[in-house]
>>> print(open('work-v4.cif').read())   # mmCIF, C-alpha atoms
data_structure
loop_
_atom_site.label_atom_id
_atom_site.label_comp_id
_atom_site.auth_asym_id
_atom_site.auth_seq_id
_atom_site.Cartn_x
_atom_site.Cartn_y
_atom_site.Cartn_z
CA MET A 1 0.00 0.00 0.00
CA TYR A 2 2.84 2.38 0.87
CA ARG A 3 4.67 1.60 -2.42
CA ARG A 4 1.47 2.30 -4.34
CA PHE A 5 1.15 5.64 -2.56
CA LEU A 6 4.78 6.52 -3.50
CA LEU A 7 4.09 5.65 -7.15
CA ILE A 8 1.02 7.90 -7.17
CA CYS A 9 3.01 10.78 -5.66
CA LEU A 10 5.83 10.29 -8.19
CA ALA A 11 3.36 10.37 -11.08
CA GLY A 12 1.81 13.55 -9.67
CA SER A 13 5.21 15.25 -9.36
CA LEU A 14 6.08 14.44 -12.99
CA ALA A 15 2.74 15.88 -14.13
CA VAL A 16 3.62 19.36 -12.82
CA LEU A 17 7.05 19.70 -14.48
CA PRO A 18 7.50 23.04 -16.34
CA GLY A 19 6.13 22.93 -19.89
CA CYS A 20 4.18 19.70 -19.24
CA THR A 21 1.34 20.89 -17.04
CA TRP A 22 -1.44 20.69 -19.62
CA PHE A 23 -0.38 18.42 -22.45
CA GLN A 24 0.70 14.97 -23.47
CA PRO A 25 3.72 14.88 -25.87
CA ARG A 26 3.52 13.31 -29.31
CA GLU A 27 6.10 11.75 -31.66
CA TRP A 28 6.81 15.08 -33.38
CA PRO A 29 5.41 18.53 -32.58
CA LEU A 30 2.91 20.33 -34.73
CA SER A 31 4.79 23.29 -36.13
CA GLY A 32 3.71 26.52 -37.75
CA THR A 33 4.39 30.24 -37.91
CA ILE A 34 2.63 32.84 -35.77
CA GLU A 35 0.59 35.20 -37.93
CA ALA A 36 -1.17 38.47 -37.35
CA VAL A 37 -4.87 38.92 -38.11
CA GLU A 38 -4.95 41.48 -40.88
CA LEU A 39 -7.62 44.17 -41.21
CA PRO A 40 -7.92 46.12 -44.48
CA VAL A 41 -8.72 49.85 -44.36
CA VAL A 42 -10.72 50.66 -47.48
CA ALA A 43 -11.49 54.01 -49.08
CA GLU A 44 -15.25 54.62 -49.13
CA VAL A 45 -14.93 57.69 -51.37
CA GLY A 46 -12.50 58.52 -54.15
CA GLY A 47 -10.22 61.45 -54.76
CA LEU A 48 -6.70 62.84 -54.52
CA VAL A 49 -4.86 61.74 -51.36
CA THR A 50 -3.66 64.98 -49.78
CA ALA A 51 -2.03 63.54 -46.66
CA VAL A 52 -0.78 60.23 -45.28
CA LYS A 53 -0.47 60.49 -41.50
CA VAL A 54 1.16 57.15 -40.55
CA ASP A 55 4.03 54.94 -41.67
CA ASP A 56 4.39 51.17 -41.74
CA GLY A 57 4.71 49.81 -38.21
CA ALA A 58 2.86 52.69 -36.57
CA VAL A 59 0.74 51.84 -33.51
CA VAL A 60 -2.67 53.46 -33.89
CA LYS A 61 -5.85 53.81 -31.87
CA LYS A 62 -9.40 53.38 -33.08
CA GLY A 63 -10.55 56.59 -34.79
CA GLN A 64 -7.01 57.92 -35.36
CA VAL A 65 -6.58 59.69 -38.71
CA LEU A 66 -4.53 57.60 -41.16
CA ALA A 67 -4.94 59.63 -44.36
CA GLU A 68 -7.02 62.39 -45.90
CA ILE A 69 -8.62 62.67 -49.33
CA ASP A 70 -9.10 66.02 -51.03
CA LYS A 71 -12.23 67.46 -49.39
CA ARG A 72 -12.90 70.33 -51.75
CA SER A 73 -15.36 68.54 -54.02
CA TYR A 74 -17.18 67.07 -51.02
CA GLN A 75 -17.24 70.44 -49.27
CA ALA A 76 -18.70 71.92 -52.46
CA GLY A 77 -21.27 69.13 -52.44
CA VAL A 78 -22.27 70.08 -48.90
CA ARG A 79 -22.60 73.75 -49.85
CA GLU A 80 -24.64 72.82 -52.92
CA ALA A 81 -26.95 70.65 -50.81
CA GLU A 82 -27.31 73.42 -48.24
CA ALA A 83 -28.24 75.84 -51.01
CA ALA A 84 -30.75 73.37 -52.44
CA LEU A 85 -32.32 72.97 -49.02
CA ALA A 86 -32.54 76.74 -48.57
CA GLN A 87 -34.09 77.02 -52.01
CA ALA A 88 -36.65 74.33 -51.23
CA GLN A 89 -37.49 76.06 -47.97
CA ALA A 90 -37.90 79.40 -49.74
CA ARG A 91 -40.18 77.86 -52.38
CA LEU A 92 -42.30 76.28 -49.73
CA GLU A 93 -42.66 79.53 -47.83
CA GLU A 94 -43.43 81.43 -51.01
CA ALA A 95 -46.07 78.91 -52.06
CA GLN A 96 -47.67 79.14 -48.67
CA ALA A 97 -47.74 82.94 -49.08
CA GLY A 98 -49.19 82.78 -52.63
CA SER A 99 -47.74 82.61 -56.16
CA ARG A 100 -46.14 85.59 -57.88
CA ASP A 101 -44.63 86.17 -61.29
CA SER A 102 -41.10 85.72 -59.95
CA THR A 103 -42.10 82.35 -58.52
CA ILE A 104 -43.36 81.20 -61.91
CA ARG A 105 -40.12 82.23 -63.58
CA ARG A 106 -38.18 80.21 -61.05
CA GLY A 107 -40.48 77.26 -61.75
CA ILE A 108 -39.62 77.45 -65.45
CA ALA A 109 -35.92 77.53 -64.60
CA ALA A 110 -36.37 74.48 -62.38
CA VAL A 111 -37.92 72.54 -65.26
CA ASP A 112 -35.00 73.49 -67.51
CA GLN A 113 -32.53 72.43 -64.84
CA ALA A 114 -34.31 69.08 -64.46
CA ASP A 115 -34.06 68.51 -68.22
CA ALA A 116 -30.30 69.06 -68.06
CA ALA A 117 -30.03 66.65 -65.12
CA ILE A 118 -31.84 63.97 -67.13
CA ARG A 119 -29.39 64.32 -70.02
CA LEU A 120 -26.42 64.04 -67.65
CA ALA A 121 -27.89 60.98 -65.91
CA GLU A 122 -28.46 59.25 -69.25
CA ALA A 123 -24.83 59.81 -70.22
CA ARG A 124 -23.63 58.36 -66.94
CA ARG A 125 -25.91 55.35 -67.38
CA LYS A 126 -24.42 54.54 -70.78
CA GLN A 127 -20.91 54.85 -69.37
CA ALA A 128 -21.76 52.54 -66.46
CA GLU A 129 -23.29 49.93 -68.79
CA ALA A 130 -20.11 49.93 -70.88
CA GLY A 131 -18.06 49.36 -67.72
CA LEU A 132 -20.37 46.48 -66.75
CA ASP A 133 -19.79 44.78 -70.10
CA ARG A 134 -16.02 45.04 -69.65
CA ALA A 135 -16.17 43.64 -66.11
CA LYS A 136 -18.37 40.73 -67.28
CA GLU A 137 -15.94 39.87 -70.06
CA GLN A 138 -12.98 39.90 -67.66
CA MET A 139 -14.81 37.79 -65.09
CA ASP A 140 -15.77 35.17 -67.68
CA GLN A 141 -12.20 35.02 -68.94
CA VAL A 142 -10.73 34.44 -65.47
CA ALA A 143 -13.44 31.87 -64.68
CA SER A 144 -12.49 29.93 -67.82
CA GLN A 145 -8.81 30.03 -66.87
CA LEU A 146 -9.66 28.81 -63.35
CA GLU A 147 -11.59 25.82 -64.70
CA GLY A 148 -8.60 24.88 -66.83
CA ALA A 149 -6.27 25.21 -63.84
CA LYS A 150 -8.56 22.99 -61.75
CA ARG A 151 -8.47 20.30 -64.43
CA THR A 152 -4.68 20.55 -64.51
CA LEU A 153 -4.56 20.22 -60.69
CA ALA A 154 -6.78 17.13 -60.79
CA TYR A 155 -4.55 15.60 -63.47
CA GLN A 156 -1.37 16.31 -61.47
CA GLU A 157 -2.93 14.91 -58.28
CA ASN A 158 -3.81 11.69 -60.13
CA ARG A 159 -0.25 11.45 -61.39
CA LEU A 160 1.03 12.02 -57.85
CA ARG A 161 -1.12 9.21 -56.48
CA GLU A 162 0.17 6.87 -59.16
CA ALA A 163 3.75 7.97 -58.48
CA ALA A 164 3.27 7.39 -54.74
CA GLN A 165 2.30 3.78 -55.39
CA LEU A 166 5.27 3.28 -57.71
CA TYR A 167 7.61 4.95 -55.24
CA GLU A 168 6.46 2.73 -52.40
CA ARG A 169 7.28 -0.32 -54.57
CA GLY A 170 10.64 1.18 -55.52
CA ALA A 171 9.63 1.46 -59.17
CA ILE A 172 10.63 5.11 -59.50
CA ALA A 173 13.32 7.26 -57.97
CA LYS A 174 12.69 9.63 -55.09
CA GLN A 175 13.63 12.59 -57.30
CA GLU A 176 10.92 11.71 -59.81
CA TYR A 177 8.36 11.31 -57.02
CA GLU A 178 9.25 14.72 -55.54
CA ALA A 179 8.95 16.23 -59.02
CA LYS A 180 5.34 15.01 -59.11
CA GLN A 181 4.75 16.59 -55.71
CA GLU A 182 6.18 19.89 -56.93
CA ALA A 183 3.93 19.75 -60.00
CA VAL A 184 0.90 19.37 -57.70
CA ASN A 185 2.06 22.30 -55.55
CA GLN A 186 2.53 24.50 -58.63
CA ALA A 187 -0.89 23.52 -60.01
CA ARG A 188 -2.52 24.25 -56.65
CA THR A 189 -0.76 27.63 -56.49
CA GLN A 190 -2.09 28.45 -59.96
CA VAL A 191 -5.62 27.48 -58.89
CA ASN A 192 -5.36 29.65 -55.76
CA GLN A 193 -4.05 32.63 -57.72
CA LEU A 194 -6.79 32.36 -60.34
CA ALA A 195 -9.42 31.88 -57.63
CA ALA A 196 -8.24 35.13 -56.02
CA GLN A 197 -8.31 36.86 -59.42
CA LEU A 198 -11.83 35.55 -60.02
CA GLU A 199 -12.95 36.86 -56.64
CA ALA A 200 -11.52 40.27 -57.50
CA ALA A 201 -13.17 40.16 -60.93
CA ARG A 202 -16.50 39.29 -59.32
CA SER A 203 -16.09 42.20 -56.95
CA GLN A 204 -15.41 44.51 -59.89
CA TYR A 205 -18.43 43.11 -61.70
CA ALA A 206 -20.60 43.63 -58.63
CA ALA A 207 -19.29 47.18 -58.31
CA ALA A 208 -20.05 47.78 -62.00
CA ARG A 209 -23.59 46.49 -61.50
CA GLU A 210 -23.98 48.86 -58.58
CA ASP A 211 -22.74 51.69 -60.80
CA VAL A 212 -25.38 50.80 -63.40
CA ALA A 213 -28.07 50.59 -60.73
CA ALA A 214 -26.96 53.92 -59.29
CA ALA A 215 -27.01 55.49 -62.77
CA LEU A 216 -30.48 54.13 -63.41
CA ALA A 217 -31.61 55.42 -60.04
CA GLN A 218 -30.08 58.79 -60.83
CA THR A 219 -31.93 58.84 -64.15
CA GLY A 220 -35.17 57.96 -62.41
CA THR A 221 -34.57 60.62 -59.79
CA ALA A 222 -33.87 63.21 -62.46
CA GLN A 223 -37.04 62.27 -64.33
CA ALA A 224 -39.04 62.43 -61.11
CA GLN A 225 -37.55 65.84 -60.36
CA ARG A 226 -38.47 67.00 -63.82
CA ALA A 227 -42.04 65.76 -63.39
CA GLY A 228 -42.21 67.39 -59.99
CA ALA A 229 -40.82 70.66 -61.32
CA GLN A 230 -43.34 70.64 -64.16
CA ALA A 231 -46.20 69.86 -61.80
CA GLU A 232 -45.05 72.61 -59.48
CA LEU A 233 -44.87 75.05 -62.38
CA ASP A 234 -48.37 74.09 -63.52
CA GLN A 235 -49.70 74.56 -60.02
CA LEU A 236 -47.93 77.88 -59.63
CA LYS A 237 -49.50 79.10 -62.85
CA GLU A 238 -52.90 78.12 -61.54
CA GLY A 239 -52.19 79.29 -58.00
CA SER A 240 -50.93 77.36 -55.01
CA THR A 241 -53.04 74.46 -53.76
CA ASP A 242 -52.72 72.00 -50.94
CA TYR A 243 -51.28 69.51 -53.46
CA ALA A 244 -48.59 71.97 -54.53
CA ILE A 245 -47.65 72.70 -50.94
CA ARG A 246 -47.39 68.98 -50.18
CA ALA A 247 -45.09 68.58 -53.19
CA LEU A 248 -42.90 71.41 -51.95
CA LEU A 249 -42.79 69.85 -48.50
CA ALA A 250 -41.58 66.59 -50.09
CA ALA A 251 -38.97 68.52 -52.07
CA LYS A 252 -37.71 70.10 -48.87
CA GLU A 253 -37.38 66.68 -47.20
CA GLN A 254 -35.53 65.39 -50.25
CA ALA A 255 -33.12 68.32 -50.10
CA GLN A 256 -32.56 67.63 -46.39
CA ALA A 257 -31.69 63.98 -47.16
CA ARG A 258 -29.23 65.05 -49.84
CA LEU A 259 -27.54 67.40 -47.42
CA GLU A 260 -27.12 64.59 -44.88
CA LEU A 261 -25.64 62.35 -47.60
CA ALA A 262 -23.22 65.10 -48.70
CA ARG A 263 -22.05 65.59 -45.11
CA LEU A 264 -21.51 61.84 -44.74
CA GLN A 265 -19.39 61.78 -47.92
CA LEU A 266 -17.32 64.65 -46.51
CA GLU A 267 -16.72 62.71 -43.29
CA LYS A 268 -15.54 59.68 -45.27
CA ALA A 269 -12.82 61.77 -46.92
CA VAL A 270 -10.94 61.41 -43.63
CA ILE A 271 -9.62 57.83 -43.35
CA THR A 272 -9.47 56.61 -39.74
CA ALA A 273 -8.37 53.42 -38.01
CA PRO A 274 -11.35 51.07 -37.48
CA GLU A 275 -9.67 49.30 -34.54
CA ASP A 276 -6.68 49.57 -32.22
CA GLY A 277 -3.69 47.96 -33.90
CA VAL A 278 -0.50 48.29 -35.92
CA VAL A 279 -0.17 49.48 -39.53
CA LEU A 280 1.45 46.60 -41.42
CA ARG A 281 1.43 48.02 -44.93
CA SER A 282 0.53 51.32 -46.54
CA SER A 283 -0.75 50.95 -50.11
CA VAL A 284 -1.19 54.65 -50.81
CA THR A 285 1.07 57.69 -51.11
CA GLN A 286 0.40 61.40 -50.99
CA GLY A 287 -0.59 62.69 -54.42
CA GLU A 288 -2.11 59.40 -55.52
CA VAL A 289 -5.74 59.24 -56.66
CA ALA A 290 -7.64 56.73 -54.53
CA LYS A 291 -10.64 54.90 -55.93
CA PRO A 292 -13.68 53.90 -53.85
CA GLY A 293 -13.21 50.38 -52.58
CA ALA A 294 -9.39 50.49 -52.82
CA THR A 295 -7.42 49.13 -49.84
CA LEU A 296 -5.30 52.01 -48.53
CA PHE A 297 -3.80 50.36 -45.44
CA THR A 298 -3.49 46.88 -43.98
CA MET A 299 -3.56 46.77 -40.18
CA ARG A 300 -2.86 44.11 -37.60
CA LYS A 301 -5.43 43.93 -34.84
CA ALA A 302 -3.97 44.66 -31.42
CA ASP A 303 -3.63 41.63 -29.13
CA HIS A 304 -4.80 39.24 -31.85
CA LEU A 305 -2.39 36.54 -33.08
CA GLU A 306 -3.10 33.24 -34.78
CA LEU A 307 -1.16 30.07 -35.56
CA LYS A 308 -2.02 27.49 -38.23
CA VAL A 309 -0.72 23.93 -37.98
CA TYR A 310 -1.53 20.67 -39.79
CA ILE A 311 -2.52 17.45 -38.03
CA PRO A 312 -2.62 13.94 -39.55
CA GLU A 313 -6.01 12.36 -40.06
CA ALA A 314 -5.21 9.65 -37.49
CA GLU A 315 -4.88 12.29 -34.75
CA LEU A 316 -7.81 14.45 -35.80
CA GLY A 317 -9.82 13.23 -32.80
CA ARG A 318 -7.35 14.98 -30.48
CA VAL A 319 -8.43 18.47 -31.55
CA ARG A 320 -11.78 20.18 -31.13
CA PRO A 321 -12.88 23.82 -31.52
CA ASP A 322 -12.64 25.88 -28.30
CA GLU A 323 -10.09 23.43 -26.84
CA THR A 324 -6.97 24.75 -25.11
CA VAL A 325 -3.52 23.84 -26.49
CA GLY A 326 0.06 24.71 -25.54
CA ILE A 327 2.41 26.82 -27.68
CA GLN A 328 6.19 26.93 -27.41
CA VAL A 329 8.69 29.13 -29.26
CA ASP A 330 12.49 29.06 -29.41
CA ALA A 331 12.72 32.64 -28.10
CA TYR A 332 11.30 31.60 -24.71
CA PRO A 333 12.61 28.09 -23.91
CA GLY A 334 10.83 26.35 -21.06
CA GLU A 335 7.70 28.51 -21.38
CA THR A 336 4.39 27.22 -22.66
CA PHE A 337 1.71 29.69 -23.75
CA ARG A 338 -1.97 28.92 -24.01
CA GLY A 339 -3.98 29.05 -27.20
CA VAL A 340 -7.54 28.10 -28.15
CA ILE A 341 -8.46 26.15 -31.28
CA SER A 342 -10.74 28.45 -33.27
CA ALA A 343 -11.26 26.28 -36.37
CA VAL A 344 -10.55 22.78 -37.69
CA ALA A 345 -10.67 22.31 -41.46
CA ASP A 346 -13.38 19.96 -42.71
CA LYS A 347 -11.37 18.99 -45.79
CA ALA A 348 -8.03 17.16 -45.93
CA GLU A 349 -5.05 18.35 -47.98
CA PHE A 350 -1.47 17.30 -48.63
CA THR A 351 0.93 18.61 -46.02
CA PRO A 352 2.40 21.96 -47.19
CA LYS A 353 5.96 21.57 -48.44
CA ASN A 354 7.44 23.99 -45.93
CA VAL A 355 6.01 22.25 -42.86
CA GLN A 356 7.39 18.71 -42.72
CA THR A 357 9.98 16.38 -44.26
CA PRO A 358 9.45 14.98 -47.78
CA ASP A 359 8.10 11.76 -46.25
CA GLU A 360 5.57 13.67 -44.19
CA ARG A 361 4.44 15.70 -47.20
CA THR A 362 2.86 12.60 -48.73
CA LYS A 363 0.32 12.44 -45.89
CA LEU A 364 -3.15 13.92 -45.86
CA VAL A 365 -3.58 16.43 -43.06
CA PHE A 366 -6.17 18.85 -41.72
CA ALA A 367 -5.49 22.54 -41.06
CA VAL A 368 -6.03 23.67 -37.46
CA THR A 369 -6.25 27.40 -36.65
CA ILE A 370 -5.33 28.46 -33.12
CA ARG A 371 -6.11 31.82 -31.51
CA ILE A 372 -3.27 32.71 -29.14
CA SER A 373 -4.61 33.79 -25.74
CA GLU A 374 -1.42 34.05 -23.66
CA GLY A 375 1.95 35.74 -24.12
CA LEU A 376 0.70 38.41 -26.52
CA ASP A 377 3.30 40.78 -25.09
CA LYS A 378 6.08 38.32 -25.96
CA LEU A 379 4.98 36.49 -29.10
CA LYS A 380 5.40 38.23 -32.43
CA PRO A 381 4.22 37.56 -36.01
CA GLY A 382 6.71 35.48 -37.98
CA MET A 383 7.95 33.45 -34.99
CA PRO A 384 8.05 29.68 -35.67
CA ALA A 385 6.16 27.81 -32.98
CA ASP A 386 5.40 24.26 -31.83
CA VAL A 387 1.95 23.21 -30.62
CA LEU A 388 1.40 20.73 -27.80
CA LEU A 389 -1.94 18.97 -27.96
CA PRO A 390 -3.97 17.81 -24.94
CA GLY A 391 -3.51 14.24 -23.79
CA LYS A 392 -6.06 11.61 -24.66
CA GLU A 393 -7.90 12.42 -21.48
CA GLY A 394 -8.07 16.12 -22.50
CA ALA A 395 -6.53 19.24 -20.95
CA GLN A 396 -6.44 19.29 -17.20
#
>>> encode(input="work-v4.cif", output="structure tokens")
Amino acid sequence: MYRRFLLICLAGSLAVLPGCTWFQPREWPLSGTIEAVELPVVAEVGGLVTAVKVDDGAVVKKGQVLAEIDKRSYQAGVREAEAALAQAQARLEEAQAGSRDSTIRRGIAAVDQADAAIRLAEARRKQAEAGLDRAKEQMDQVASQLEGAKRTLAYQENRLREAAQLYERGAIAKQEYEAKQEAVNQARTQVNQLAAQLEAARSQYAAAREDVAAALAQTGTAQAQRAGAQAELDQLKEGSTDYAIRALLAAKEQAQARLELARLQLEKAVITAPEDGVVLRSSVTQGEVAKPGATLFTMRKADHLELKVYIPEAELGRVRPDETVGIQVDAYPGETFRGVISAVADKAEFTPKNVQTPDERTKLVFAVTIRISEGLDKLKPGMPADVLLPGKEGAQ
């Protein structure tokens, strides 16, 4: 009984050794590289970039100004909207006081102005439709290239499987087998690149469709304004009625909405940090013309690091989302930092070439993403790291 007690105590003392408090070791560690979670900062309005306030590596706070876009056109838009609102207010007050000859002349001018707005909106619509056709053609072209690349990848994967069987029997040399692996990696890279290009082309196509829709809406708005101006003129010629006053009230509300939109556009000309973090890359320089939707900066979220590793299918049962794992880096020997599994891939893939030995690269593995929850003041992006999984009984 006493010997059994000593054995239990010895086992308990081994369980609390540094670096082994949570996890059961495995034959080889899961390795990966610590990565930052990137956050793009996108321009919501276009224009000349007049100032860039931060450099790469700058630590910024939420709401801090990163860059400024030329505000003059947006300031002019605000003044124009303010003037339109004042005009709508004056028309309403004048209609409520009774029509006069000067009011009728202004009504005629408003009809002429609406006609000009319709012509401008039609021109913009035709331009937007031409852009949509170009975006559709580019998207179809990239989609066709992607399908071809996928067929090539499938062909290379089949050849790799055949080569693996021959290599296991010693029918082909190791160099030839690795050449088949490299061909698969190149084909997969081509598929990934074309998939990214297709996603960008789809985004451009969607933006072009929005441009067409906006142009059509602008045309409809201009036509409605023209009809409203004509109706207002007709009513002014006949004398103000309750209907005319209601129309002028609606015009005033419309002018108020346009003013709010113009002020919002002016605010968006100042690019600010959406979160606390670090500026990783600046994609814009002073004097450059930024387009709406363009990524101006890429930030790293503060206190947010991730690590991706690959686990063999046979050990997939050892990992589950929201489970705690241990992380070790060469920079801090003897220390184990906690992380939480945030995602486990539902599809297997060949082990990436830069992760394991050539023998290991022939295995099918699953990607495991880990959110680092400890040591954020010590761990840095780019550090290689090893992951210690929980024992079969789970983390203690």
>>> residues_around(input="work-v4.cif", residues="Glu147 of chain A", least_positions_apart="4", cutoff="10 Å", atoms="all atoms listed in the file", output="MDAnalysis selection string")
chainID A and resid 142:143 151:153 191 194:195
>>> resolve_selection(input="work-v4.cif", expression="the PyMOL selection byres ((chain A and resi 33) around 12)", output="PyMOL selection string")
chain A and resi 30-32+34-36+305-310+327-330+354-355+369-370+372+379-387
>>> resolve_selection(input="work-v4.cif", expression="the PyMOL selection byres ((chain A and resi 93) around 12)", output="list in words")
Ala86, Gln87, Ala88, Gln89, Ala90, Arg91, Leu92, Glu94, Ala95, Gln96, Ala97, Gly98, Ser99, Thr103, Ser240, Ala244, Ile245, Arg246, Leu248, Leu249 and Lys252 of chain A
>>> residues_around(input="work-v4.cif", residues="segment 311-322 of chain A", least_positions_apart="4", cutoff="8 Å", atoms="all atoms listed in the file", output="PDB file with C-alpha atoms, in the coordinates of the input")
ATOM      1  CA  LEU A  30       2.910  20.330 -34.730  1.00  0.00           C
ATOM      2  CA  VAL A 340      -7.540  28.100 -28.150  1.00  0.00           C
ATOM      3  CA  ILE A 341      -8.460  26.150 -31.280  1.00  0.00           C
ATOM      4  CA  SER A 342     -10.740  28.450 -33.270  1.00  0.00           C
ATOM      5  CA  ALA A 343     -11.260  26.280 -36.370  1.00  0.00           C
ATOM      6  CA  VAL A 344     -10.550  22.780 -37.690  1.00  0.00           C
ATOM      7  CA  ALA A 348      -8.030  17.160 -45.930  1.00  0.00           C
ATOM      8  CA  LYS A 363       0.320  12.440 -45.890  1.00  0.00           C
ATOM      9  CA  LEU A 364      -3.150  13.920 -45.860  1.00  0.00           C
ATOM     10  CA  VAL A 365      -3.580  16.430 -43.060  1.00  0.00           C
ATOM     11  CA  PHE A 366      -6.170  18.850 -41.720  1.00  0.00           C
ATOM     12  CA  ALA A 367      -5.490  22.540 -41.060  1.00  0.00           C
ATOM     13  CA  VAL A 368      -6.030  23.670 -37.460  1.00  0.00           C
ATOM     14  CA  LEU A 389      -1.940  18.970 -27.960  1.00  0.00           C
ATOM     15  CA  PRO A 390      -3.970  17.810 -24.940  1.00  0.00           C
ATOM     16  CA  GLY A 391      -3.510  14.240 -23.790  1.00  0.00           C
ATOM     17  CA  LYS A 392      -6.060  11.610 -24.660  1.00  0.00           C
TER      18      LYS A 392
END
>>> residues_around(input="work-v4.cif", residues="segment 217-229 of chain A", least_positions_apart="5", cutoff="7 Å", atoms="only C-alpha atoms", output="PDB file with C-alpha atoms, in the frame of the given file")
ATOM      1  CA  GLY A 107     -40.480  77.260 -61.750  1.00  0.00           C
ATOM      2  CA  ALA A 110     -36.370  74.480 -62.380  1.00  0.00           C
ATOM      3  CA  VAL A 111     -37.920  72.540 -65.260  1.00  0.00           C
ATOM      4  CA  ALA A 114     -34.310  69.080 -64.460  1.00  0.00           C
ATOM      5  CA  ASP A 115     -34.060  68.510 -68.220  1.00  0.00           C
ATOM      6  CA  ALA A 117     -30.030  66.650 -65.120  1.00  0.00           C
ATOM      7  CA  ILE A 118     -31.840  63.970 -67.130  1.00  0.00           C
ATOM      8  CA  ALA A 121     -27.890  60.980 -65.910  1.00  0.00           C
ATOM      9  CA  GLU A 122     -28.460  59.250 -69.250  1.00  0.00           C
TER      10      GLU A 122
END
>>> decode(input="work-v4.cif", residues="segment 282-299 of chain A", atoms="N, CA and C atoms", output="PDB file, in the first residue's frame")
ATOM      1  N   SER A 282       1.234  50.179 -45.952  1.00  0.00           N
ATOM      2  CA  SER A 282       0.534  51.318 -46.545  1.00  0.00           C
ATOM      3  C   SER A 282       0.547  51.133 -48.059  1.00  0.00           C
ATOM      4  N   SER A 283      -0.643  51.163 -48.668  1.00  0.00           N
ATOM      5  CA  SER A 283      -0.754  50.954 -50.111  1.00  0.00           C
ATOM      6  C   SER A 283      -1.065  52.253 -50.844  1.00  0.00           C
ATOM      7  N   VAL A 284      -0.844  53.376 -50.194  1.00  0.00           N
ATOM      8  CA  VAL A 284      -1.187  54.655 -50.808  1.00  0.00           C
ATOM      9  C   VAL A 284      -0.112  55.673 -50.462  1.00  0.00           C
ATOM     10  N   THR A 285       0.121  56.609 -51.352  1.00  0.00           N
ATOM     11  CA  THR A 285       1.072  57.689 -51.113  1.00  0.00           C
ATOM     12  C   THR A 285       0.397  59.022 -51.372  1.00  0.00           C
ATOM     13  N   GLN A 286       0.952  60.059 -50.785  1.00  0.00           N
ATOM     14  CA  GLN A 286       0.400  61.399 -50.988  1.00  0.00           C
ATOM     15  C   GLN A 286       0.515  61.775 -52.463  1.00  0.00           C
ATOM     16  N   GLY A 287      -0.560  62.317 -53.010  1.00  0.00           N
ATOM     17  CA  GLY A 287      -0.590  62.688 -54.418  1.00  0.00           C
ATOM     18  C   GLY A 287      -1.220  61.642 -55.308  1.00  0.00           C
ATOM     19  N   GLU A 288      -1.462  60.468 -54.756  1.00  0.00           N
ATOM     20  CA  GLU A 288      -2.113  59.395 -55.518  1.00  0.00           C
ATOM     21  C   GLU A 288      -3.625  59.609 -55.521  1.00  0.00           C
ATOM     22  N   VAL A 289      -4.290  59.153 -56.583  1.00  0.00           N
ATOM     23  CA  VAL A 289      -5.743  59.236 -56.656  1.00  0.00           C
ATOM     24  C   VAL A 289      -6.320  57.902 -56.182  1.00  0.00           C
ATOM     25  N   ALA A 290      -7.041  57.937 -55.096  1.00  0.00           N
ATOM     26  CA  ALA A 290      -7.642  56.728 -54.530  1.00  0.00           C
ATOM     27  C   ALA A 290      -9.027  56.514 -55.128  1.00  0.00           C
ATOM     28  N   LYS A 291      -9.329  55.246 -55.407  1.00  0.00           N
ATOM     29  CA  LYS A 291     -10.639  54.898 -55.932  1.00  0.00           C
ATOM     30  C   LYS A 291     -11.502  54.313 -54.818  1.00  0.00           C
ATOM     31  N   PRO A 292     -12.811  54.516 -54.865  1.00  0.00           N
ATOM     32  CA  PRO A 292     -13.680  53.904 -53.852  1.00  0.00           C
ATOM     33  C   PRO A 292     -13.513  52.387 -53.862  1.00  0.00           C
ATOM     34  N   GLY A 293     -13.388  51.813 -52.688  1.00  0.00           N
ATOM     35  CA  GLY A 293     -13.209  50.375 -52.576  1.00  0.00           C
ATOM     36  C   GLY A 293     -11.761  49.931 -52.553  1.00  0.00           C
ATOM     37  N   ALA A 294     -10.813  50.848 -52.815  1.00  0.00           N
ATOM     38  CA  ALA A 294      -9.392  50.486 -52.817  1.00  0.00           C
ATOM     39  C   ALA A 294      -8.882  50.335 -51.385  1.00  0.00           C
ATOM     40  N   THR A 295      -8.030  49.329 -51.155  1.00  0.00           N
ATOM     41  CA  THR A 295      -7.418  49.134 -49.844  1.00  0.00           C
ATOM     42  C   THR A 295      -6.251  50.104 -49.693  1.00  0.00           C
ATOM     43  N   LEU A 296      -6.339  51.009 -48.736  1.00  0.00           N
ATOM     44  CA  LEU A 296      -5.304  52.014 -48.526  1.00  0.00           C
ATOM     45  C   LEU A 296      -4.264  51.549 -47.507  1.00  0.00           C
ATOM     46  N   PHE A 297      -4.709  50.846 -46.475  1.00  0.00           N
ATOM     47  CA  PHE A 297      -3.797  50.363 -45.444  1.00  0.00           C
ATOM     48  C   PHE A 297      -4.200  48.938 -45.069  1.00  0.00           C
ATOM     49  N   THR A 298      -3.225  48.186 -44.575  1.00  0.00           N
ATOM     50  CA  THR A 298      -3.493  46.882 -43.980  1.00  0.00           C
ATOM     51  C   THR A 298      -2.987  46.928 -42.548  1.00  0.00           C
ATOM     52  N   MET A 299      -3.886  46.689 -41.604  1.00  0.00           N
ATOM     53  CA  MET A 299      -3.556  46.773 -40.182  1.00  0.00           C
ATOM     54  C   MET A 299      -3.513  45.382 -39.553  1.00  0.00           C
TER      55      MET A 299
END
